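Participant: Sending over start_14.txt (compact mmCIF, C-alpha atoms and all ligand atoms).
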```txt
# COMPACT_ATOMS: atom_id res chain seq x y z
CA MET A 1 -60.10 27.29 -33.87
CA SER A 2 -57.34 25.10 -35.24
CA GLY A 3 -53.60 25.04 -34.74
CA THR A 4 -50.88 22.95 -36.26
CA SER A 5 -49.59 21.12 -33.22
CA THR A 6 -50.77 17.65 -32.31
CA GLY A 7 -50.98 16.15 -28.85
CA ILE A 8 -52.36 17.93 -25.83
CA GLN A 9 -51.12 21.16 -24.34
CA ALA A 10 -52.64 22.39 -21.09
CA ARG A 11 -51.43 25.40 -19.16
CA LEU A 12 -53.69 25.74 -16.16
CA HIS A 13 -53.82 27.93 -13.11
CA LEU A 14 -56.47 27.53 -10.44
CA ARG A 15 -56.59 29.03 -6.97
CA ARG A 16 -58.80 27.69 -4.18
CA ALA A 17 -58.89 28.53 -0.46
CA ASP A 18 -55.93 26.30 0.45
CA PHE A 19 -54.90 24.83 -2.88
CA VAL A 20 -53.17 26.20 -5.96
CA LEU A 21 -52.95 24.32 -9.25
CA ASP A 22 -50.20 25.57 -11.51
CA ILE A 23 -49.20 23.27 -14.35
CA ASP A 24 -47.92 23.28 -17.91
CA LEU A 25 -48.49 19.92 -19.59
CA GLN A 26 -47.36 18.67 -22.98
CA LEU A 27 -48.88 15.24 -23.56
CA PRO A 28 -48.37 12.99 -26.57
CA GLY A 29 -51.14 12.62 -29.16
CA SER A 30 -51.42 8.87 -28.63
CA GLY A 31 -51.02 6.32 -25.85
CA VAL A 32 -51.95 6.62 -22.19
CA SER A 33 -50.68 9.60 -20.20
CA ALA A 34 -51.08 8.80 -16.52
CA LEU A 35 -51.53 11.59 -13.98
CA PHE A 36 -50.19 10.16 -10.77
CA GLY A 37 -49.90 11.61 -7.29
CA PRO A 38 -51.24 11.48 -3.74
CA SER A 39 -54.80 12.29 -2.79
CA GLY A 40 -55.53 16.00 -3.06
CA CYS A 41 -52.60 16.83 -5.37
CA GLY A 42 -54.96 18.07 -8.10
CA LYS A 43 -55.38 15.16 -10.55
CA THR A 44 -59.16 15.42 -10.85
CA SER A 45 -58.95 19.22 -11.04
CA VAL A 46 -56.64 18.91 -14.07
CA LEU A 47 -59.08 16.57 -15.87
CA ARG A 48 -62.06 18.77 -15.05
CA ALA A 49 -60.25 21.90 -16.22
CA ILE A 50 -59.28 20.22 -19.52
CA ALA A 51 -62.91 19.16 -19.95
CA GLY A 52 -64.14 22.69 -19.22
CA LEU A 53 -66.05 21.50 -16.15
CA GLU A 54 -63.85 23.69 -14.00
CA ARG A 55 -62.88 27.25 -14.86
CA ALA A 56 -59.08 27.42 -14.57
CA ALA A 57 -57.10 30.24 -16.13
CA GLY A 58 -54.85 29.32 -19.05
CA ARG A 59 -54.85 27.59 -22.40
CA VAL A 60 -55.95 24.13 -23.55
CA GLN A 61 -55.30 22.74 -26.99
CA VAL A 62 -56.13 19.17 -28.04
CA ASP A 63 -55.13 17.61 -31.34
CA GLY A 64 -54.84 21.04 -32.98
CA ALA A 65 -58.21 22.31 -31.66
CA LEU A 66 -58.11 25.25 -29.28
CA TRP A 67 -60.54 24.63 -26.42
CA GLN A 68 -59.50 27.52 -24.21
CA ASP A 69 -57.21 30.49 -24.60
CA ASP A 70 -57.57 33.28 -22.09
CA ALA A 71 -55.15 35.46 -24.06
CA THR A 72 -57.62 35.56 -26.95
CA ARG A 73 -60.74 35.08 -24.81
CA GLN A 74 -61.65 31.74 -26.30
CA TRP A 75 -63.64 29.22 -24.33
CA LEU A 76 -65.46 26.19 -25.67
CA PRO A 77 -68.17 24.85 -23.38
CA THR A 78 -67.80 21.20 -22.40
CA HIS A 79 -70.47 19.92 -24.77
CA ARG A 80 -68.53 21.35 -27.72
CA ARG A 81 -65.23 19.76 -26.68
CA ARG A 82 -64.84 16.37 -28.35
CA LEU A 83 -63.95 14.35 -25.30
CA GLY A 84 -65.00 11.19 -23.55
CA TYR A 85 -65.08 11.21 -19.73
CA VAL A 86 -65.09 8.08 -17.61
CA PHE A 87 -65.63 8.55 -13.88
CA GLN A 88 -64.82 6.30 -10.93
CA GLU A 89 -68.35 5.00 -10.89
CA ALA A 90 -70.16 4.36 -14.14
CA SER A 91 -73.12 6.73 -14.27
CA LEU A 92 -75.29 4.91 -16.79
CA PHE A 93 -78.85 5.90 -17.59
CA ALA A 94 -80.96 3.48 -15.56
CA HIS A 95 -83.93 3.59 -17.97
CA LEU A 96 -81.86 2.77 -21.07
CA ASN A 97 -80.44 -0.64 -21.93
CA VAL A 98 -76.75 -1.09 -22.68
CA ARG A 99 -77.12 -0.47 -26.41
CA ARG A 100 -79.09 2.75 -25.87
CA ASN A 101 -76.59 3.93 -23.27
CA ILE A 102 -73.76 3.49 -25.76
CA GLU A 103 -75.76 5.11 -28.55
CA TYR A 104 -76.38 8.07 -26.30
CA GLY A 105 -72.68 8.90 -26.61
CA ARG A 106 -73.19 9.46 -30.34
CA ARG A 107 -75.90 12.08 -30.09
CA ARG A 108 -74.97 15.41 -31.54
CA LEU A 109 -72.05 13.91 -33.42
CA PRO A 110 -71.85 15.42 -36.89
CA ALA A 111 -71.46 12.92 -39.72
CA GLY A 112 -67.83 12.59 -40.72
CA GLN A 113 -66.61 12.95 -37.13
CA GLN A 114 -67.23 9.34 -36.24
CA ARG A 115 -63.68 8.09 -35.91
CA LEU A 116 -64.84 4.99 -34.14
CA ALA A 117 -67.87 2.99 -35.15
CA LEU A 118 -70.27 1.99 -32.41
CA GLU A 119 -69.66 -1.64 -33.39
CA GLN A 120 -65.96 -1.16 -32.79
CA ALA A 121 -66.54 0.19 -29.28
CA VAL A 122 -68.85 -2.77 -28.56
CA GLU A 123 -66.30 -5.22 -29.92
CA LEU A 124 -63.33 -3.66 -28.06
CA LEU A 125 -65.13 -3.89 -24.75
CA ALA A 126 -66.73 -7.29 -25.60
CA LEU A 127 -70.23 -5.98 -24.91
CA ALA A 128 -72.19 -7.79 -27.63
CA PRO A 129 -73.77 -10.30 -25.19
CA LEU A 130 -74.87 -7.50 -22.86
CA LEU A 131 -76.50 -5.08 -25.32
CA ALA A 132 -80.11 -5.79 -24.33
CA ARG A 133 -79.44 -5.76 -20.57
CA ALA A 134 -80.52 -3.03 -18.14
CA PRO A 135 -77.72 -1.31 -16.16
CA HIS A 136 -78.97 -2.62 -12.79
CA THR A 137 -78.44 -6.21 -13.94
CA LEU A 138 -74.71 -5.62 -14.66
CA SER A 139 -71.72 -6.16 -12.40
CA GLY A 140 -69.57 -3.16 -11.46
CA GLY A 141 -66.90 -4.21 -13.96
CA GLU A 142 -69.46 -4.64 -16.75
CA ARG A 143 -70.98 -1.24 -15.99
CA GLN A 144 -67.59 0.37 -16.22
CA ARG A 145 -66.95 -1.32 -19.59
CA VAL A 146 -70.26 0.11 -20.87
CA ALA A 147 -69.28 3.58 -19.59
CA ILE A 148 -65.97 3.33 -21.48
CA ALA A 149 -67.73 2.18 -24.67
CA ARG A 150 -70.19 5.07 -24.35
CA ALA A 151 -67.32 7.54 -24.03
CA LEU A 152 -65.56 6.00 -27.06
CA ALA A 153 -68.70 5.96 -29.20
CA ALA A 154 -68.67 9.76 -29.14
CA SER A 155 -65.46 9.60 -31.23
CA PRO A 156 -63.53 11.79 -28.82
CA GLN A 157 -60.28 13.56 -29.59
CA VAL A 158 -59.20 12.59 -26.09
CA LEU A 159 -60.48 10.12 -23.52
CA LEU A 160 -60.32 11.37 -19.92
CA MET A 161 -60.45 8.64 -17.29
CA ASP A 162 -60.63 9.47 -13.59
CA GLU A 163 -59.61 6.40 -11.60
CA PRO A 164 -61.95 4.16 -13.60
CA LEU A 165 -61.01 1.10 -11.53
CA ALA A 166 -61.07 2.71 -8.08
CA ALA A 167 -64.62 1.65 -7.22
CA LEU A 168 -64.01 -1.99 -8.22
CA ASP A 169 -62.71 -4.75 -5.96
CA GLY A 170 -59.51 -6.63 -6.82
CA ALA A 171 -61.18 -9.30 -8.96
CA ARG A 172 -63.23 -6.76 -10.95
CA LYS A 173 -60.16 -4.60 -11.45
CA ALA A 174 -58.32 -7.59 -12.89
CA GLU A 175 -61.31 -8.19 -15.17
CA VAL A 176 -61.38 -4.65 -16.60
CA LEU A 177 -57.62 -3.97 -16.84
CA PRO A 178 -57.08 -6.15 -19.95
CA TYR A 179 -59.74 -4.11 -21.79
CA LEU A 180 -57.92 -0.90 -20.92
CA GLU A 181 -54.68 -2.42 -22.19
CA ARG A 182 -56.46 -3.41 -25.36
CA LEU A 183 -57.70 0.15 -25.88
CA GLN A 184 -54.18 1.42 -25.38
CA ARG A 185 -52.83 -0.95 -28.05
CA THR A 186 -55.69 -0.59 -30.54
CA LEU A 187 -56.82 3.04 -30.54
CA ASP A 188 -54.98 6.12 -31.64
CA ILE A 189 -57.06 8.29 -29.30
CA PRO A 190 -54.92 9.75 -26.53
CA VAL A 191 -56.03 8.83 -23.02
CA ILE A 192 -55.39 10.90 -19.89
CA TYR A 193 -55.65 8.47 -17.02
CA VAL A 194 -55.81 9.56 -13.39
CA SER A 195 -54.57 7.00 -10.92
CA HIS A 196 -52.88 6.60 -7.61
CA SER A 197 -52.09 2.94 -8.19
CA PRO A 198 -48.44 2.30 -9.16
CA GLU A 199 -49.47 -1.08 -10.57
CA GLU A 200 -52.00 0.45 -12.97
CA VAL A 201 -49.45 3.02 -14.03
CA ALA A 202 -46.90 0.29 -14.71
CA ARG A 203 -49.36 -1.69 -16.79
CA LEU A 204 -51.04 1.08 -18.75
CA ALA A 205 -49.01 4.26 -18.94
CA THR A 206 -46.91 5.14 -21.96
CA HIS A 207 -46.29 8.62 -20.57
CA LEU A 208 -46.28 9.63 -16.94
CA VAL A 209 -46.93 12.93 -15.17
CA LEU A 210 -46.17 13.11 -11.46
CA LEU A 211 -48.17 15.70 -9.52
CA GLN A 212 -47.60 17.00 -6.04
CA ASP A 213 -49.37 19.91 -4.32
CA GLY A 214 -50.82 21.17 -7.61
CA ARG A 215 -47.50 21.11 -9.46
CA VAL A 216 -45.76 18.80 -11.91
CA ILE A 217 -42.66 17.31 -10.27
CA GLY A 218 -41.71 15.08 -13.20
CA GLN A 219 -42.98 13.95 -16.57
CA GLY A 220 -41.70 11.53 -19.19
CA ALA A 221 -41.18 7.81 -19.76
CA PRO A 222 -42.72 5.68 -16.97
CA ALA A 223 -39.67 3.37 -16.65
CA GLU A 224 -37.43 6.38 -16.11
CA LEU A 225 -39.67 8.23 -13.63
CA MET A 226 -40.64 5.17 -11.61
CA SER A 227 -37.05 4.41 -10.74
CA ARG A 228 -35.76 7.93 -10.01
CA HIS A 229 -34.63 8.03 -6.38
CA ASP A 230 -35.38 11.75 -6.18
CA LEU A 231 -39.08 11.18 -7.00
CA PRO A 232 -41.70 9.62 -4.71
CA LEU A 233 -42.61 6.64 -6.93
CA ALA A 234 -39.26 4.97 -6.21
CA HIS A 235 -40.10 4.97 -2.51
CA GLY A 236 -42.97 3.31 -0.70
CA ASP A 237 -43.91 -0.33 -0.62
CA ALA A 238 -44.88 -0.62 -4.29
CA ALA A 239 -41.63 0.88 -5.62
CA ALA A 240 -40.67 -1.06 -8.74
CA ALA A 241 -38.55 -0.88 -11.85
CA LEU A 242 -40.03 -1.37 -15.31
CA VAL A 243 -37.84 -3.51 -17.52
CA HIS A 244 -38.28 -3.53 -21.30
CA GLY A 245 -37.27 -6.82 -22.91
CA HIS A 246 -38.22 -9.47 -25.44
CA VAL A 247 -39.06 -13.15 -25.21
CA LEU A 248 -36.17 -15.54 -25.78
CA ALA A 249 -37.94 -18.81 -25.07
CA TRP A 250 -40.62 -20.51 -23.03
CA ASP A 251 -39.81 -23.73 -21.21
CA GLU A 252 -42.83 -26.00 -21.30
CA ARG A 253 -41.67 -28.34 -18.56
CA ASP A 254 -40.94 -25.67 -15.97
CA HIS A 255 -43.41 -23.07 -17.24
CA LEU A 256 -40.63 -20.51 -17.32
CA LEU A 257 -40.31 -17.62 -19.69
CA SER A 258 -36.82 -16.32 -20.51
CA VAL A 259 -36.75 -12.63 -21.32
CA ALA A 260 -33.69 -10.83 -22.69
CA PHE A 261 -33.11 -7.20 -21.65
CA SER A 262 -30.19 -4.81 -21.89
CA GLY A 263 -28.66 -6.21 -18.68
CA GLY A 264 -28.92 -9.95 -19.43
CA VAL A 265 -31.68 -12.53 -19.17
CA LEU A 266 -34.47 -12.83 -16.61
CA HIS A 267 -36.67 -15.87 -16.01
CA LEU A 268 -40.22 -15.70 -14.75
CA ALA A 269 -43.09 -18.07 -14.15
CA ALA A 270 -45.60 -18.07 -17.02
CA ALA A 271 -48.37 -20.61 -17.44
CA LEU A 272 -48.71 -19.96 -21.15
CA PRO A 273 -46.13 -19.60 -23.94
CA ARG A 274 -45.29 -16.28 -25.57
CA PRO A 275 -43.82 -16.10 -29.06
CA PRO A 276 -40.03 -15.59 -29.25
CA GLY A 277 -39.16 -11.98 -30.07
CA GLN A 278 -42.34 -10.54 -28.51
CA ALA A 279 -41.67 -7.26 -26.70
CA LEU A 280 -42.62 -7.30 -23.01
CA ARG A 281 -42.49 -5.05 -20.00
CA LEU A 282 -41.61 -6.60 -16.68
CA ARG A 283 -42.27 -5.13 -13.27
CA VAL A 284 -39.62 -5.84 -10.66
CA LEU A 285 -40.47 -4.69 -7.14
CA ALA A 286 -37.63 -3.11 -5.16
CA ARG A 287 -38.44 -5.34 -2.18
CA ASP A 288 -37.88 -8.46 -4.34
CA VAL A 289 -34.31 -7.51 -5.26
CA SER A 290 -31.33 -8.35 -3.03
CA LEU A 291 -27.65 -7.68 -3.63
CA ALA A 292 -24.52 -9.82 -3.46
CA ARG A 293 -20.84 -9.03 -3.94
CA ALA A 294 -20.22 -12.25 -5.89
CA ARG A 295 -22.42 -14.25 -8.24
CA PRO A 296 -24.64 -16.26 -5.87
CA GLN A 297 -24.00 -20.01 -5.75
CA GLY A 298 -26.41 -22.66 -4.55
CA SER A 299 -29.38 -20.29 -4.39
CA THR A 300 -32.96 -21.14 -5.22
CA ILE A 301 -33.33 -17.72 -6.80
CA LEU A 302 -33.09 -18.16 -10.57
CA ASN A 303 -32.24 -14.60 -11.45
CA ALA A 304 -28.94 -12.90 -10.75
CA VAL A 305 -27.72 -10.18 -13.09
CA PRO A 306 -24.59 -8.05 -12.85
CA ALA A 307 -25.25 -4.38 -12.09
CA ARG A 308 -23.46 -1.25 -10.92
CA ILE A 309 -24.66 0.77 -7.95
CA GLU A 310 -25.74 4.25 -9.03
CA HIS A 311 -27.07 5.65 -5.80
CA ILE A 312 -27.95 4.64 -2.25
CA ALA A 313 -30.69 6.52 -0.40
CA ALA A 314 -31.44 5.97 3.28
CA GLU A 315 -35.10 5.18 3.91
CA ALA A 316 -36.55 5.09 7.38
CA PRO A 317 -36.69 2.90 9.35
CA GLY A 318 -33.39 1.07 8.81
CA GLN A 319 -33.94 0.60 5.08
CA ALA A 320 -31.99 1.73 2.03
CA LEU A 321 -33.11 2.12 -1.55
CA VAL A 322 -30.35 1.21 -3.98
CA THR A 323 -30.58 2.37 -7.60
CA LEU A 324 -28.73 0.03 -9.98
CA ASP A 325 -27.65 0.17 -13.59
CA ALA A 326 -27.94 -3.26 -15.24
CA GLY A 327 -26.51 -2.77 -18.73
CA GLY A 328 -28.48 0.45 -19.23
CA THR A 329 -31.68 -0.69 -17.48
CA ARG A 330 -32.38 0.77 -14.06
CA LEU A 331 -33.30 -1.62 -11.26
CA LEU A 332 -34.23 -0.81 -7.66
CA ALA A 333 -33.33 -2.81 -4.57
CA ARG A 334 -34.67 -2.24 -1.09
CA ILE A 335 -32.25 -3.65 1.45
CA SER A 336 -31.55 -3.11 5.13
CA GLN A 337 -29.11 -0.41 6.12
CA ARG A 338 -27.27 -3.05 8.14
CA SER A 339 -26.62 -5.20 5.02
CA CYS A 340 -25.53 -2.09 3.21
CA ARG A 341 -23.00 -1.33 5.95
CA GLU A 342 -21.79 -4.90 6.39
CA LEU A 343 -21.15 -5.31 2.66
CA GLY A 344 -19.64 -1.81 2.53
CA LEU A 345 -21.77 -0.93 -0.50
CA ALA A 346 -21.09 2.38 -2.23
CA SER A 347 -21.94 4.14 -5.49
CA GLY A 348 -19.94 2.75 -8.41
CA ASP A 349 -19.58 -0.76 -6.92
CA GLU A 350 -20.17 -3.77 -9.17
CA VAL A 351 -22.65 -6.22 -7.61
CA PHE A 352 -25.11 -8.94 -8.52
CA ALA A 353 -28.80 -8.19 -8.27
CA GLN A 354 -30.78 -11.25 -7.25
CA VAL A 355 -34.40 -10.98 -8.31
CA LYS A 356 -36.82 -13.14 -6.37
CA SER A 357 -40.02 -12.42 -8.24
CA ILE A 358 -40.99 -10.76 -11.50
CA ALA A 359 -44.41 -9.84 -12.87
CA LEU A 360 -45.43 -9.19 -16.43
CA ALA A 361 -46.52 -5.58 -16.76
CA ASP A 362 -48.23 -6.19 -20.13
N1 LIG B 401 -65.16 21.91 -5.48
C1 LIG B 401 -64.10 22.18 -4.68
N2 LIG B 401 -64.10 23.24 -3.87
C2 LIG B 401 -63.06 23.52 -3.06
N3 LIG B 401 -61.94 22.76 -3.01
C3 LIG B 401 -61.88 21.69 -3.81
C4 LIG B 401 -62.95 21.33 -4.69
N4 LIG B 401 -62.63 20.19 -5.35
C5 LIG B 401 -61.39 19.86 -4.90
N5 LIG B 401 -60.94 20.74 -3.99
C6 LIG B 401 -59.63 20.73 -3.30
O1 LIG B 401 -58.64 20.92 -4.33
C7 LIG B 401 -57.52 20.07 -4.08
C8 LIG B 401 -57.29 19.15 -5.29
O2 LIG B 401 -58.37 18.23 -5.39
P1 LIG B 401 -58.45 17.12 -6.51
O3 LIG B 401 -59.77 16.44 -6.37
O4 LIG B 401 -58.13 17.71 -7.81
O5 LIG B 401 -57.27 16.15 -6.06
P2 LIG B 401 -56.97 14.63 -6.53
O6 LIG B 401 -55.49 14.56 -6.70
O7 LIG B 401 -57.81 14.27 -7.69
O8 LIG B 401 -57.42 13.83 -5.24
P3 LIG B 401 -58.02 12.30 -5.10
O9 LIG B 401 -56.90 11.38 -5.52
O10 LIG B 401 -58.31 12.21 -3.64
O11 LIG B 401 -59.22 12.23 -5.97
C9 LIG B 401 -57.79 19.36 -2.80
O12 LIG B 401 -57.17 20.10 -1.78
C10 LIG B 401 -59.30 19.42 -2.65
O13 LIG B 401 -59.67 19.40 -1.30
```
Could I get this structure in the form of structure tokens?
Facilitator:
Amino acid sequence: MSGTSTGIQARLHLRRADFVLDIDLQLPGSGVSALFGPSGCGKTSVLRAIAGLERAAGRVQVDGALWQDDATRQWLPTHRRRLGYVFQEASLFAHLNVRRNIEYGRRRLPAGQQRLALEQAVELLALAPLLARAPHTLSGGERQRVAIARALAASPQVLLMDEPLAALDGARKAEVLPYLERLQRTLDIPVIYVSHSPEEVARLATHLVLLQDGRVIGQGAPAELMSRHDLPLAHGDAAAALVHGHVLAWDERDHLLSVAFSGGVLHLAAALPRPPGQALRLRVLARDVSLARARPQGSTILNAVPARIEHIAAEAPGQALVTLDAGGTRLLARISQRSCRELGLASGDEVFAQVKSIALAD
């Protein structure tokens, strides 16, 4: 039943009437691995097959435990796989209060396998004030936090989350996201997180798998995959680069945070200070970046960093996506094809990238 390798390996093959899933995944043993791709590409099927809810052919190994191996005819039923599953909509037991719902996750758990105390799950999701409440008295965001705590209380070897924010409106999403980030920072349980929101991926993922038509078209570091012009994430309205940097200073008067990265310094609006030296990830949307031949003068835009053009891809209608190298960090700029022509931009050119707006991804 046990192997030596850590992390998650899943080789899965599934054939349906007009869909074929054929993937070979190697996911790290910690952090959040996001499965990202358009509707119908097979994300949920992958999660269900890993959980044993769907019978795909192949092999699944999690944290050294073999859950499925067709070659040796091994198959663990779902209830014997140590996993937590969080669905789009929290399916709590209506007749049990919050505490009992969370405790339910611990049934059947042999002593000694409780990696995470129930109290820790309650504390991580800030559920102490809600423990005596009935599910129907909770908001959608609160219900989803209870569902996550219930999944964690089972001390899973992996937490599978299928678009856990999809059923929530914008405000509720914003309420739950910080808890997910907290889990990512605090727990050493690997999470496989299905999403089709680039913003969630930017904020949560430490490893990214891009799926299309049942196949993996790219996997690796999110910052790298999000900005690759040959992959779909770099296109579309939400295309953005992820910039890794650290805090230089916070200006109290202007509420501006200065962040150093490999290509220079960026400034962004921040209501609250952050300690100097703190590592941060910034999200810079391609549509917020413009290009200039010379360092801009007399502009209201605070950020202009030197960069070299790596690649220019035409995007309909009349748009171009420019991939830039700013001191080793990749940035994306969406500009009009006319500007591109008028400035005579070409690969290898040195330019200045003006960045109009920057968001914290952490
Ligand atoms: N029970 C089923 N029977 C037959 N076909 C199915 C079944 N479940 C899913 N499919 C089909 O398999 C393909 C993959 O579906 P899946 O739900 O895994 O995609 P997804 O990427 O999770 O999509 P979404 O983002 O819309 O949830 C789709 O073509 C879907 O129509």
Participant: Taking all atoms listed in the file into account, name the residue in A:Arg215, A:Arg82, A:Arg182, A:Arg100 that is nearest to ligand LIG 401 (chain B).
Facilitator: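 Closest to ligand LIG 401 (chain B) of all the choices is A:Arg215.
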Participant: Produce a table with one row for each residue of chain A that has an atom at most 10 Å from any atom of ligand LIG 401 (chain B), each row naming the nearest atom pair and its distance in Å at one decimal; use only C-alpha atoms and all ligand atoms; arrange rows by chain and rising residue number; format as CSV.
Facilitator:
```
residue,atom,partner,partner_atom,distance
A:Leu14,CA,B:LIG401,O1,9.3
A:Arg15,CA,B:LIG401,O1,8.8
A:Arg16,CA,B:LIG401,N3,6.0
A:Ala17,CA,B:LIG401,N3,7.0
A:Asp18,CA,B:LIG401,O12,6.7
A:Phe19,CA,B:LIG401,O12,5.4
A:Val20,CA,B:LIG401,C7,7.7
A:Leu21,CA,B:LIG401,C8,7.8
A:Leu35,CA,B:LIG401,O6,8.8
A:Phe36,CA,B:LIG401,O6,8.0
A:Gly37,CA,B:LIG401,O6,6.3
A:Pro38,CA,B:LIG401,O9,5.9
A:Ser39,CA,B:LIG401,O9,3.6
A:Gly40,CA,B:LIG401,O5,3.5
A:Cys41,CA,B:LIG401,O6,3.9
A:Gly42,CA,B:LIG401,O4,3.2
A:Lys43,CA,B:LIG401,O7,3.9
A:Thr44,CA,B:LIG401,O7,3.6
A:Ser45,CA,B:LIG401,O4,3.7
A:Val46,CA,B:LIG401,O4,6.5
A:Leu47,CA,B:LIG401,O4,8.2
A:Arg48,CA,B:LIG401,O4,8.3
A:Ala49,CA,B:LIG401,O4,9.6
A:Glu54,CA,B:LIG401,N1,8.8
A:Gln88,CA,B:LIG401,O11,9.5
A:Asp162,CA,B:LIG401,O7,8.1
A:Glu163,CA,B:LIG401,O11,8.1
A:Ala166,CA,B:LIG401,O11,9.9
A:Val194,CA,B:LIG401,O7,7.7
A:Ser195,CA,B:LIG401,O9,7.3
A:His196,CA,B:LIG401,O9,6.6
A:Leu211,CA,B:LIG401,O6,7.9
A:Gln212,CA,B:LIG401,O6,8.3
A:Asp213,CA,B:LIG401,C8,8.0
A:Gly214,CA,B:LIG401,C8,7.2
```
Participant: Take the residues from that selection and put them in a file with C-alpha atoms, as a PDB file, keeping the file's coordinate frame.
Facilitator:
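Final file, selection03.pdb:
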```
ATOM      1  CA  LEU A  14     -56.470  27.530 -10.440  1.00  0.00           C
ATOM      2  CA  ARG A  15     -56.590  29.030  -6.970  1.00  0.00           C
ATOM      3  CA  ARG A  16     -58.800  27.690  -4.180  1.00  0.00           C
ATOM      4  CA  ALA A  17     -58.890  28.530  -0.460  1.00  0.00           C
ATOM      5  CA  ASP A  18     -55.930  26.300   0.450  1.00  0.00           C
ATOM      6  CA  PHE A  19     -54.900  24.830  -2.880  1.00  0.00           C
ATOM      7  CA  VAL A  20     -53.170  26.200  -5.960  1.00  0.00           C
ATOM      8  CA  LEU A  21     -52.950  24.320  -9.250  1.00  0.00           C
ATOM      9  CA  LEU A  35     -51.530  11.590 -13.980  1.00  0.00           C
ATOM     10  CA  PHE A  36     -50.190  10.160 -10.770  1.00  0.00           C
ATOM     11  CA  GLY A  37     -49.900  11.610  -7.290  1.00  0.00           C
ATOM     12  CA  PRO A  38     -51.240  11.480  -3.740  1.00  0.00           C
ATOM     13  CA  SER A  39     -54.800  12.290  -2.790  1.00  0.00           C
ATOM     14  CA  GLY A  40     -55.530  16.000  -3.060  1.00  0.00           C
ATOM     15  CA  CYS A  41     -52.600  16.830  -5.370  1.00  0.00           C
ATOM     16  CA  GLY A  42     -54.960  18.070  -8.100  1.00  0.00           C
ATOM     17  CA  LYS A  43     -55.380  15.160 -10.550  1.00  0.00           C
ATOM     18  CA  THR A  44     -59.160  15.420 -10.850  1.00  0.00           C
ATOM     19  CA  SER A  45     -58.950  19.220 -11.040  1.00  0.00           C
ATOM     20  CA  VAL A  46     -56.640  18.910 -14.070  1.00  0.00           C
ATOM     21  CA  LEU A  47     -59.080  16.570 -15.870  1.00  0.00           C
ATOM     22  CA  ARG A  48     -62.060  18.770 -15.050  1.00  0.00           C
ATOM     23  CA  ALA A  49     -60.250  21.900 -16.220  1.00  0.00           C
ATOM     24  CA  GLU A  54     -63.850  23.690 -14.000  1.00  0.00           C
ATOM     25  CA  GLN A  88     -64.820   6.300 -10.930  1.00  0.00           C
ATOM     26  CA  ASP A 162     -60.630   9.470 -13.590  1.00  0.00           C
ATOM     27  CA  GLU A 163     -59.610   6.400 -11.600  1.00  0.00           C
ATOM     28  CA  ALA A 166     -61.070   2.710  -8.080  1.00  0.00           C
ATOM     29  CA  VAL A 194     -55.810   9.560 -13.390  1.00  0.00           C
ATOM     30  CA  SER A 195     -54.570   7.000 -10.920  1.00  0.00           C
ATOM     31  CA  HIS A 196     -52.880   6.600  -7.610  1.00  0.00           C
ATOM     32  CA  LEU A 211     -48.170  15.700  -9.520  1.00  0.00           C
ATOM     33  CA  GLN A 212     -47.600  17.000  -6.040  1.00  0.00           C
ATOM     34  CA  ASP A 213     -49.370  19.910  -4.320  1.00  0.00           C
ATOM     35  CA  GLY A 214     -50.820  21.170  -7.610  1.00  0.00           C
TER      36      GLY A 214
END
```
Participant: Do you have the CA of Pro276 in chain A-CA of Val243 in chain A distance handy?
Facilitator: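 Taking CA of Pro276 in chain A as the start and CA of Val243 in chain A as the end point, the length is 17.0 Å.
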Participant: Kindly provide, as a list in words, the polymer residues lying within 10 Å of (-69.9, -5.8, -24.1), counting all atoms listed in the file and using the coordinates exactly as they appear in the file.
Facilitator: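 Checked against the point, the hits come out as Val98, Arg99, Ala121, Val122, Glu123, Leu124, Leu125, Ala126, Leu127, Ala128, Pro129, Leu130, Leu131, Glu142, Arg143, Arg145, Val146 and Ala149 of chain A.
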Participant: Can you pull out the residues contacting Ala10 in chain A? Cut-off 7 Å, using all atoms listed in the file, and skip same-chain residues under 5 positions away; I want them as a ChimeraX atom specification.
Facilitator: /A:24-26,59-61
Participant: Expressed in Å to a single decimal, how great is the separation between CA of Arg295 in chain A and CA of Val351 in chain A?
Facilitator: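 That distance, rounded to one decimal, is 8.1 Å.
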Participant: With distances taken over all atoms listed in the file, which of A:Leu168, A:Leu180, A:Leu83, A:Ala353 is nearest to Val284 in chain A?
Facilitator: A:Ala353
Participant: Using CA of Arg80 in chain A and CA of Gly64 in chain A as the two end points, give the distance in Å to one decimal.
Facilitator: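 One can read the CA of Arg80 in chain A to CA of Gly64 in chain A distance as 14.7 Å.
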Participant: Can you pull out every residue within 7 Å of Ala147 in chain A, counting all atoms listed in the file, but drop anything in the same chain fewer than 3 positions away, and send it as a ChimeraX atom specification?
Facilitator: /A:86,90,92,143-144,150-151
Participant: So which residues touch Ala271 in chain A within 10 Å, counting only C-alpha atoms, skipping near sequence neighbours fewer than 4 positions away, as a PyMOL selection string?
Facilitator: chain A and resi 250-252+254-257
Participant: Restricting it to C-alpha atoms, dump the selection as a PDB file, in the frame of the given file.
Facilitator:
```
ATOM      1  CA  TRP A 250     -40.620 -20.510 -23.030  1.00  0.00           C
ATOM      2  CA  ASP A 251     -39.810 -23.730 -21.210  1.00  0.00           C
ATOM      3  CA  GLU A 252     -42.830 -26.000 -21.300  1.00  0.00           C
ATOM      4  CA  ASP A 254     -40.940 -25.670 -15.970  1.00  0.00           C
ATOM      5  CA  HIS A 255     -43.410 -23.070 -17.240  1.00  0.00           C
ATOM      6  CA  LEU A 256     -40.630 -20.510 -17.320  1.00  0.00           C
ATOM      7  CA  LEU A 257     -40.310 -17.620 -19.690  1.00  0.00           C
TER       8      LEU A 257
END
```
